[in-house]
$ cat protein.pdb   # PDB, C-alpha atoms
MODEL        1
ATOM      1  CA  MET H 100       8.838   7.967 -18.126  1.00  0.00           C
ATOM      2  CA  THR H 101      11.961   6.433 -16.584  1.00  0.00           C
ATOM      3  CA  ILE H 102      15.028   8.218 -15.246  1.00  0.00           C
ATOM      4  CA  LYS H 103      18.223   6.359 -14.379  1.00  0.00           C
ATOM      5  CA  LEU H 104      20.617   8.024 -11.915  1.00  0.00           C
ATOM      6  CA  VAL H 105      23.988   6.724 -10.825  1.00  0.00           C
ATOM      7  CA  VAL H 106      25.006   7.979  -7.388  1.00  0.00           C
ATOM      8  CA  GLY H 107      28.347   6.587  -6.311  1.00  0.00           C
ATOM      9  CA  GLU H 108      28.041   2.853  -6.863  1.00  0.00           C
ATOM     10  CA  CYS H 109      24.243   2.904  -6.571  1.00  0.00           C
ATOM     11  CA  THR H 110      21.951   2.986  -9.612  1.00  0.00           C
ATOM     12  CA  LEU H 111      18.498   4.480  -9.059  1.00  0.00           C
ATOM     13  CA  ASN H 112      15.655   3.895 -11.520  1.00  0.00           C
ATOM     14  CA  ILE H 113      12.842   6.396 -11.079  1.00  0.00           C
ATOM     15  CA  VAL H 114       9.612   5.705 -12.923  1.00  0.00           C
ATOM     16  CA  SER H 115       6.766   8.186 -13.275  1.00  0.00           C
ATOM     17  CA  ALA H 116       3.366   6.605 -13.948  1.00  0.00           C
ATOM     18  CA  TYR H 117      -0.103   7.905 -14.740  1.00  0.00           C
ATOM     19  CA  ALA H 118      -2.740   5.176 -14.762  1.00  0.00           C
ATOM     20  CA  PRO H 119      -5.959   5.464 -16.764  1.00  0.00           C
ATOM     21  CA  TYR H 120      -8.912   6.727 -14.746  1.00  0.00           C
ATOM     22  CA  ALA H 121     -11.752   4.440 -13.664  1.00  0.00           C
ATOM     23  CA  GLY H 122     -14.153   5.274 -16.519  1.00  0.00           C
ATOM     24  CA  LEU H 123     -11.838   4.185 -19.332  1.00  0.00           C
ATOM     25  CA  ASP H 124     -12.051   0.922 -21.266  1.00  0.00           C
ATOM     26  CA  GLU H 125     -10.521  -2.178 -19.649  1.00  0.00           C
ATOM     27  CA  ASP H 126      -8.238  -2.625 -22.665  1.00  0.00           C
ATOM     28  CA  VAL H 127      -6.649   0.791 -22.008  1.00  0.00           C
ATOM     29  CA  LYS H 128      -6.057  -0.169 -18.376  1.00  0.00           C
ATOM     30  CA  ARG H 129      -4.592  -3.540 -19.373  1.00  0.00           C
ATOM     31  CA  ARG H 130      -2.151  -1.838 -21.769  1.00  0.00           C
ATOM     32  CA  PHE H 131      -1.029   0.528 -18.991  1.00  0.00           C
ATOM     33  CA  TRP H 132      -0.233  -2.361 -16.636  1.00  0.00           C
ATOM     34  CA  GLU H 133       1.509  -4.310 -19.412  1.00  0.00           C
ATOM     35  CA  GLY H 134       3.656  -1.269 -20.226  1.00  0.00           C
ATOM     36  CA  LEU H 135       4.600  -0.754 -16.583  1.00  0.00           C
ATOM     37  CA  ASP H 136       5.316  -4.489 -16.313  1.00  0.00           C
ATOM     38  CA  GLU H 137       7.758  -4.216 -19.230  1.00  0.00           C
ATOM     39  CA  ILE H 138       9.545  -1.232 -17.661  1.00  0.00           C
ATOM     40  CA  VAL H 139       9.915  -2.905 -14.258  1.00  0.00           C
ATOM     41  CA  ARG H 140      11.212  -6.163 -15.777  1.00  0.00           C
ATOM     42  CA  GLN H 141      14.031  -4.199 -17.441  1.00  0.00           C
ATOM     43  CA  VAL H 142      15.396  -2.975 -14.092  1.00  0.00           C
ATOM     44  CA  PRO H 143      18.016  -5.427 -12.777  1.00  0.00           C
ATOM     45  CA  PRO H 144      17.453  -6.625  -9.195  1.00  0.00           C
ATOM     46  CA  THR H 145      20.833  -5.113  -8.230  1.00  0.00           C
ATOM     47  CA  GLU H 146      19.510  -1.606  -8.983  1.00  0.00           C
ATOM     48  CA  ARG H 147      17.118   0.464  -6.875  1.00  0.00           C
ATOM     49  CA  LEU H 148      13.610   0.997  -8.231  1.00  0.00           C
ATOM     50  CA  PHE H 149      11.252   3.809  -7.242  1.00  0.00           C
ATOM     51  CA  ILE H 150       7.862   4.244  -8.913  1.00  0.00           C
ATOM     52  CA  GLY H 151       5.731   7.275  -8.270  1.00  0.00           C
ATOM     53  CA  GLY H 152       2.495   8.290  -9.817  1.00  0.00           C
ATOM     54  CA  ASP H 153      -1.204   8.771  -9.997  1.00  0.00           C
ATOM     55  CA  PHE H 154      -2.525   5.212 -10.045  1.00  0.00           C
ATOM     56  CA  ASN H 155      -6.201   6.259  -9.860  1.00  0.00           C
ATOM     57  CA  SER H 156      -6.659   3.515  -7.256  1.00  0.00           C
ATOM     58  CA  HIS H 157      -7.874   3.626  -3.697  1.00  0.00           C
ATOM     59  CA  VAL H 158      -5.939   0.987  -1.741  1.00  0.00           C
ATOM     60  CA  GLY H 159      -7.708   1.898   1.492  1.00  0.00           C
ATOM     61  CA  SER H 160      -6.595   2.165   5.081  1.00  0.00           C
ATOM     62  CA  THR H 161      -6.068  -1.554   5.718  1.00  0.00           C
ATOM     63  CA  ALA H 162      -3.874  -4.205   4.102  1.00  0.00           C
ATOM     64  CA  GLY H 163      -6.714  -6.732   3.659  1.00  0.00           C
ATOM     65  CA  GLY H 164      -4.730  -9.720   2.392  1.00  0.00           C
ATOM     66  CA  TYR H 165      -1.915  -7.619   0.913  1.00  0.00           C
ATOM     67  CA  GLY H 166       0.228  -7.212   4.040  1.00  0.00           C
ATOM     68  CA  GLU H 167       3.484  -7.701   2.119  1.00  0.00           C
ATOM     69  CA  VAL H 168       2.548  -4.755  -0.148  1.00  0.00           C
ATOM     70  CA  HIS H 169       0.323  -2.481   1.940  1.00  0.00           C
ATOM     71  CA  GLY H 170       1.618  -1.197   5.264  1.00  0.00           C
ATOM     72  CA  GLY H 171      -1.901  -0.975   6.730  1.00  0.00           C
ATOM     73  CA  LEU H 172      -1.708   2.788   7.176  1.00  0.00           C
ATOM     74  CA  GLY H 173      -3.389   4.170   4.069  1.00  0.00           C
ATOM     75  CA  PHE H 174      -6.489   6.326   3.715  1.00  0.00           C
ATOM     76  CA  GLY H 175     -10.145   5.685   2.961  1.00  0.00           C
ATOM     77  CA  GLU H 176     -11.844   2.680   1.400  1.00  0.00           C
ATOM     78  CA  LYS H 177     -10.621   0.369  -1.346  1.00  0.00           C
ATOM     79  CA  ASN H 178     -12.159   0.625  -4.798  1.00  0.00           C
ATOM     80  CA  ARG H 179     -12.394  -1.888  -7.677  1.00  0.00           C
ATOM     81  CA  GLY H 180      -9.275  -0.518  -9.341  1.00  0.00           C
ATOM     82  CA  CYS H 181      -7.040  -1.222  -6.360  1.00  0.00           C
ATOM     83  CA  THR H 182      -6.779  -4.947  -7.108  1.00  0.00           C
ATOM     84  CA  SER H 183      -4.747  -4.347 -10.275  1.00  0.00           C
ATOM     85  CA  MET H 184      -2.289  -2.164  -8.406  1.00  0.00           C
ATOM     86  CA  LEU H 185      -1.994  -4.422  -5.363  1.00  0.00           C
ATOM     87  CA  ASP H 186      -1.572  -7.543  -7.519  1.00  0.00           C
ATOM     88  CA  PHE H 187       1.080  -5.764  -9.606  1.00  0.00           C
ATOM     89  CA  ASP H 188       2.965  -4.693  -6.481  1.00  0.00           C
ATOM     90  CA  LYS H 189       2.752  -8.204  -5.074  1.00  0.00           C
ATOM     91  CA  ALA H 190       4.034  -9.793  -8.310  1.00  0.00           C
ATOM     92  CA  PHE H 191       7.080  -7.502  -8.407  1.00  0.00           C
ATOM     93  CA  GLY H 192       7.845  -7.476  -4.680  1.00  0.00           C
ATOM     94  CA  LEU H 193       6.973  -3.786  -4.286  1.00  0.00           C
ATOM     95  CA  VAL H 194       5.661  -1.952  -1.234  1.00  0.00           C
ATOM     96  CA  ILE H 195       3.510   1.163  -1.043  1.00  0.00           C
ATOM     97  CA  ALA H 196       5.643   3.641   0.891  1.00  0.00           C
ATOM     98  CA  ASN H 197       2.776   5.971   1.752  1.00  0.00           C
ATOM     99  CA  SER H 198       0.876   3.163   3.492  1.00  0.00           C
ATOM    100  CA  SER H 199       3.817   2.336   5.741  1.00  0.00           C
ATOM    101  CA  PHE H 200       4.007   5.303   8.123  1.00  0.00           C
ATOM    102  CA  PRO H 201       1.396   6.501  10.630  1.00  0.00           C
ATOM    103  CA  LYS H 202       0.167   9.902   9.475  1.00  0.00           C
ATOM    104  CA  ARG H 203      -2.653  12.335  10.082  1.00  0.00           C
ATOM    105  CA  GLU H 204      -5.245  12.496   7.306  1.00  0.00           C
ATOM    106  CA  GLU H 205      -3.783  15.712   5.881  1.00  0.00           C
ATOM    107  CA  HIS H 206      -0.484  13.875   5.279  1.00  0.00           C
ATOM    108  CA  LEU H 207      -2.217  10.998   3.422  1.00  0.00           C
ATOM    109  CA  VAL H 208      -4.706  12.723   1.108  1.00  0.00           C
ATOM    110  CA  THR H 209      -3.147  13.284  -2.337  1.00  0.00           C
ATOM    111  CA  PHE H 210      -6.227  14.625  -4.157  1.00  0.00           C
ATOM    112  CA  GLN H 211      -8.943  16.853  -2.747  1.00  0.00           C
ATOM    113  CA  ASN H 212     -11.821  18.755  -4.272  1.00  0.00           C
ATOM    114  CA  ALA H 213     -15.123  20.116  -2.995  1.00  0.00           C
ATOM    115  CA  VAL H 214     -16.702  16.633  -3.135  1.00  0.00           C
ATOM    116  CA  ALA H 215     -14.015  14.227  -1.919  1.00  0.00           C
ATOM    117  CA  ALA H 216     -10.618  13.721  -0.336  1.00  0.00           C
ATOM    118  CA  THR H 217      -8.765  10.652  -1.601  1.00  0.00           C
ATOM    119  CA  GLN H 218      -5.417   8.931  -1.812  1.00  0.00           C
ATOM    120  CA  ILE H 219      -4.714   8.038  -5.457  1.00  0.00           C
ATOM    121  CA  ASP H 220      -1.017   8.901  -5.759  1.00  0.00           C
ATOM    122  CA  TYR H 221       1.527   6.408  -4.476  1.00  0.00           C
ATOM    123  CA  LEU H 222       5.254   5.937  -4.118  1.00  0.00           C
ATOM    124  CA  LEU H 223       6.456   2.359  -4.562  1.00  0.00           C
ATOM    125  CA  LEU H 224       9.792   0.689  -3.968  1.00  0.00           C
ATOM    126  CA  ARG H 225      11.109  -2.851  -3.799  1.00  0.00           C
ATOM    127  CA  ARG H 226      10.358  -4.717  -0.592  1.00  0.00           C
ATOM    128  CA  SER H 227      14.088  -5.451  -0.262  1.00  0.00           C
ATOM    129  CA  ASP H 228      14.740  -1.671  -0.213  1.00  0.00           C
ATOM    130  CA  ARG H 229      12.018  -0.877   2.318  1.00  0.00           C
ATOM    131  CA  GLY H 230      14.649   0.078   4.902  1.00  0.00           C
ATOM    132  CA  LEU H 231      15.890   2.893   2.655  1.00  0.00           C
ATOM    133  CA  CYS H 232      12.579   4.724   2.987  1.00  0.00           C
ATOM    134  CA  LYS H 233      12.675   6.779   6.184  1.00  0.00           C
ATOM    135  CA  ASP H 234       9.370   8.605   5.693  1.00  0.00           C
ATOM    136  CA  CYS H 235       6.658   9.248   3.121  1.00  0.00           C
ATOM    137  CA  LYS H 236       3.951  11.887   3.340  1.00  0.00           C
ATOM    138  CA  VAL H 237       1.923  14.572   1.641  1.00  0.00           C
ATOM    139  CA  ILE H 238       3.044  18.153   2.168  1.00  0.00           C
ATOM    140  CA  PRO H 239      -0.399  19.740   2.747  1.00  0.00           C
ATOM    141  CA  GLY H 240       0.588  23.334   1.940  1.00  0.00           C
ATOM    142  CA  GLU H 241       2.191  22.458  -1.386  1.00  0.00           C
ATOM    143  CA  ILE H 242      -0.340  22.254  -4.201  1.00  0.00           C
ATOM    144  CA  LEU H 243       0.931  20.962  -7.537  1.00  0.00           C
ATOM    145  CA  MET H 244      -2.254  21.660  -9.426  1.00  0.00           C
ATOM    146  CA  THR H 245      -5.568  22.898  -8.169  1.00  0.00           C
ATOM    147  CA  GLN H 246      -6.552  19.655  -6.453  1.00  0.00           C
ATOM    148  CA  TYR H 247      -3.357  17.557  -6.228  1.00  0.00           C
ATOM    149  CA  LYS H 248      -0.958  17.644  -3.291  1.00  0.00           C
ATOM    150  CA  LEU H 249       2.778  17.019  -3.234  1.00  0.00           C
ATOM    151  CA  LEU H 250       3.770  13.516  -2.080  1.00  0.00           C
ATOM    152  CA  VAL H 251       7.372  13.084  -0.919  1.00  0.00           C
ATOM    153  CA  MET H 252       9.565  10.227   0.276  1.00  0.00           C
ATOM    154  CA  ASP H 253      12.718  10.532   2.387  1.00  0.00           C
ATOM    155  CA  VAL H 254      15.271   7.994   1.175  1.00  0.00           C
ATOM    156  CA  ALA H 255      18.651   7.190   2.709  1.00  0.00           C
ATOM    157  CA  ILE H 256      21.067   5.877   0.085  1.00  0.00           C
ATOM    158  CA  MET H 257      24.347   4.643   1.513  1.00  0.00           C
ATOM    159  CA  LEU H 258      27.327   5.524  -0.625  1.00  0.00           C
ATOM    160  CA  LYS H 259      30.568   3.616  -0.367  1.00  0.00           C
ATOM    161  CA  ARG H 260      33.545   5.838   0.281  1.00  0.00           C
ATOM    162  CA  ARG H 261      36.404   5.416  -2.094  1.00  0.00           C
ATOM    163  CA  LYS H 262      39.753   4.481  -0.633  1.00  0.00           C
ATOM    164  CA  ARG H 263      42.368   7.215  -0.579  1.00  0.00           C
ATOM    165  CA  SER H 264      44.412   5.226  -3.122  1.00  0.00           C
ATOM    166  CA  ASP H 265      41.382   5.129  -5.498  1.00  0.00           C
ATOM    167  CA  ARG H 266      41.102   8.912  -5.617  1.00  0.00           C
ATOM    168  CA  GLY H 267      42.999  10.440  -8.479  1.00  0.00           C
TER     169      GLY H 267
ENDMDL
END
$ encode --input "protein.pdb" --output "structure tokens"
Amino acid sequence: MTIKLVVGECTLNIVSAYAPYAGLDEDVKRRFWEGLDEIVRQVPPTERLFIGGDFNSHVGSTAGGYGEVHGGLGFGEKNRGCTSMLDFDKAFGLVIANSSFPKREEHLVTFQNAVAATQIDYLLLRRSDRGLCKDCKVIPGEILMTQYKLLVMDVAIMLKRRKRSDRG
């Protein structure tokens, strides 16, 4: 799902994504990435792009060759599925906001059950807009569903003030 917001002279494109889980067929996963590719290509470079979602990937706590995408401050170990996400982010000049700020574990874990605590939900934005993101973290007390935690990003969008003569 994509939402387009116009705030002042700034256009924000907000994309919500839900990637197939690890056990599904590779063709299903390929179609997901192709669909997201198509959506991202439709957003002009002059507009802001924010992608949030459950990517069912573990990008780990270190950048490991993806320093332009991964801030080196994630959680846990990488899994096989992370390569698709990291390569996608790299191809489109995106950064993972929730790997860019030093946080305690409780502010990184997006999914937790009795067996595991993981980071599978991510907020992405264009590398050129990295400076707009002031913070990104999990709110530990807020539970969206039984096992998922709320992930938020603080964004500073600068609005141009209209001249007095432009106001009606």
$ residues_around --input "protein.pdb" --residues "Asn155 in chain H" --least-positions-apart "6" --cutoff "10 Å" --atoms "all atoms listed in the file" --output "PyMOL selection string"
chain H and resi 117-121+178+180-181+184+217-221
$ write_last_selection --input "protein.pdb" --atoms "C-alpha atoms" --output "JSON list (two decimals), keeping the file's coordinate frame"
[["chain", "number", "residue", "atom", "x", "y", "z"],
["H", 117, "TYR", "CA", -0.10, 7.90, -14.74],
["H", 118, "ALA", "CA", -2.74, 5.18, -14.76],
["H", 119, "PRO", "CA", -5.96, 5.46, -16.76],
["H", 120, "TYR", "CA", -8.91, 6.73, -14.75],
["H", 121, "ALA", "CA", -11.75, 4.44, -13.66],
["H", 178, "ASN", "CA", -12.16, 0.62, -4.80],
["H", 180, "GLY", "CA", -9.28, -0.52, -9.34],
["H", 181, "CYS", "CA", -7.04, -1.22, -6.36],
["H", 184, "MET", "CA", -2.29, -2.16, -8.41],
["H", 217, "THR", "CA", -8.76, 10.65, -1.60],
["H", 218, "GLN", "CA", -5.42, 8.93, -1.81],
["H", 219, "ILE", "CA", -4.71, 8.04, -5.46],
["H", 220, "ASP", "CA", -1.02, 8.90, -5.76],
["H", 221, "TYR", "CA", 1.53, 6.41, -4.48]]
$ atom_distance --input "protein.pdb" --atom1 "CA of Asp126 in chain H" --atom2 "CA of Leu185 in chain H"
18.5 Å
$ resolve_selection --input "protein.pdb" --expression "the PyMOL selection byres ((chain H and resi 195-209) around 6)" --output "list in words"
His169, Gly170, Gly171, Leu172, Gly173, Val194, Phe210, Thr217, Gln218, Asp220, Leu222, Leu223, Cys235, Lys236, Val237, Tyr247 and Lys248 of chain H
$ write_last_selection --input "protein.pdb" --atoms "C-alpha atoms" --output "compact mmCIF listing (two decimals), in the coordinates of the input"
# COMPACT_ATOMS: atom_id res chain seq x y z
CA HIS H 169 0.32 -2.48 1.94
CA GLY H 170 1.62 -1.20 5.26
CA GLY H 171 -1.90 -0.98 6.73
CA LEU H 172 -1.71 2.79 7.18
CA GLY H 173 -3.39 4.17 4.07
CA VAL H 194 5.66 -1.95 -1.23
CA PHE H 210 -6.23 14.62 -4.16
CA THR H 217 -8.76 10.65 -1.60
CA GLN H 218 -5.42 8.93 -1.81
CA ASP H 220 -1.02 8.90 -5.76
CA LEU H 222 5.25 5.94 -4.12
CA LEU H 223 6.46 2.36 -4.56
CA CYS H 235 6.66 9.25 3.12
CA LYS H 236 3.95 11.89 3.34
CA VAL H 237 1.92 14.57 1.64
CA TYR H 247 -3.36 17.56 -6.23
CA LYS H 248 -0.96 17.64 -3.29
$ closest_residue --input "protein.pdb" --among "H:His157, H:Phe149, H:Asp186, H:Asn212" --to "Met252 in chain H" --atoms "all atoms listed in the file"
H:Phe149
$ resolve_selection --input "protein.pdb" --expression "the PyMOL selection byres ((chain H and resi 128-138) around 10)" --output "VMD selection string"
chain H and resid 100 to 101 114 to 127 139 to 142 150 180 183 to 184 187 190 to 191
$ closest_residue --input "protein.pdb" --among "H:Glu146, H:Glu167, H:Glu176, H:Glu108" --to "Ala216 in chain H" --atoms "all atoms listed in the file"
H:Glu176
$ resolve_selection --input "protein.pdb" --expression "the PyMOL selection byres ((chain H and resi 230) around 12)" --output "PyMOL selection string"
chain H and resi 194+196+199+224-229+231-234+253-257
$ residues_around --input "protein.pdb" --residues "Lys177 in chain H" --least-positions-apart "2" --cutoff "9 Å" --atoms "only C-alpha atoms" --output "ChimeraX atom specification"
/H:156-161,174-175,179-182
$ atom_distance --input "protein.pdb" --atom1 "CA of Gly166 in chain H" --atom2 "CA of Thr110 in chain H"
27.6 Å
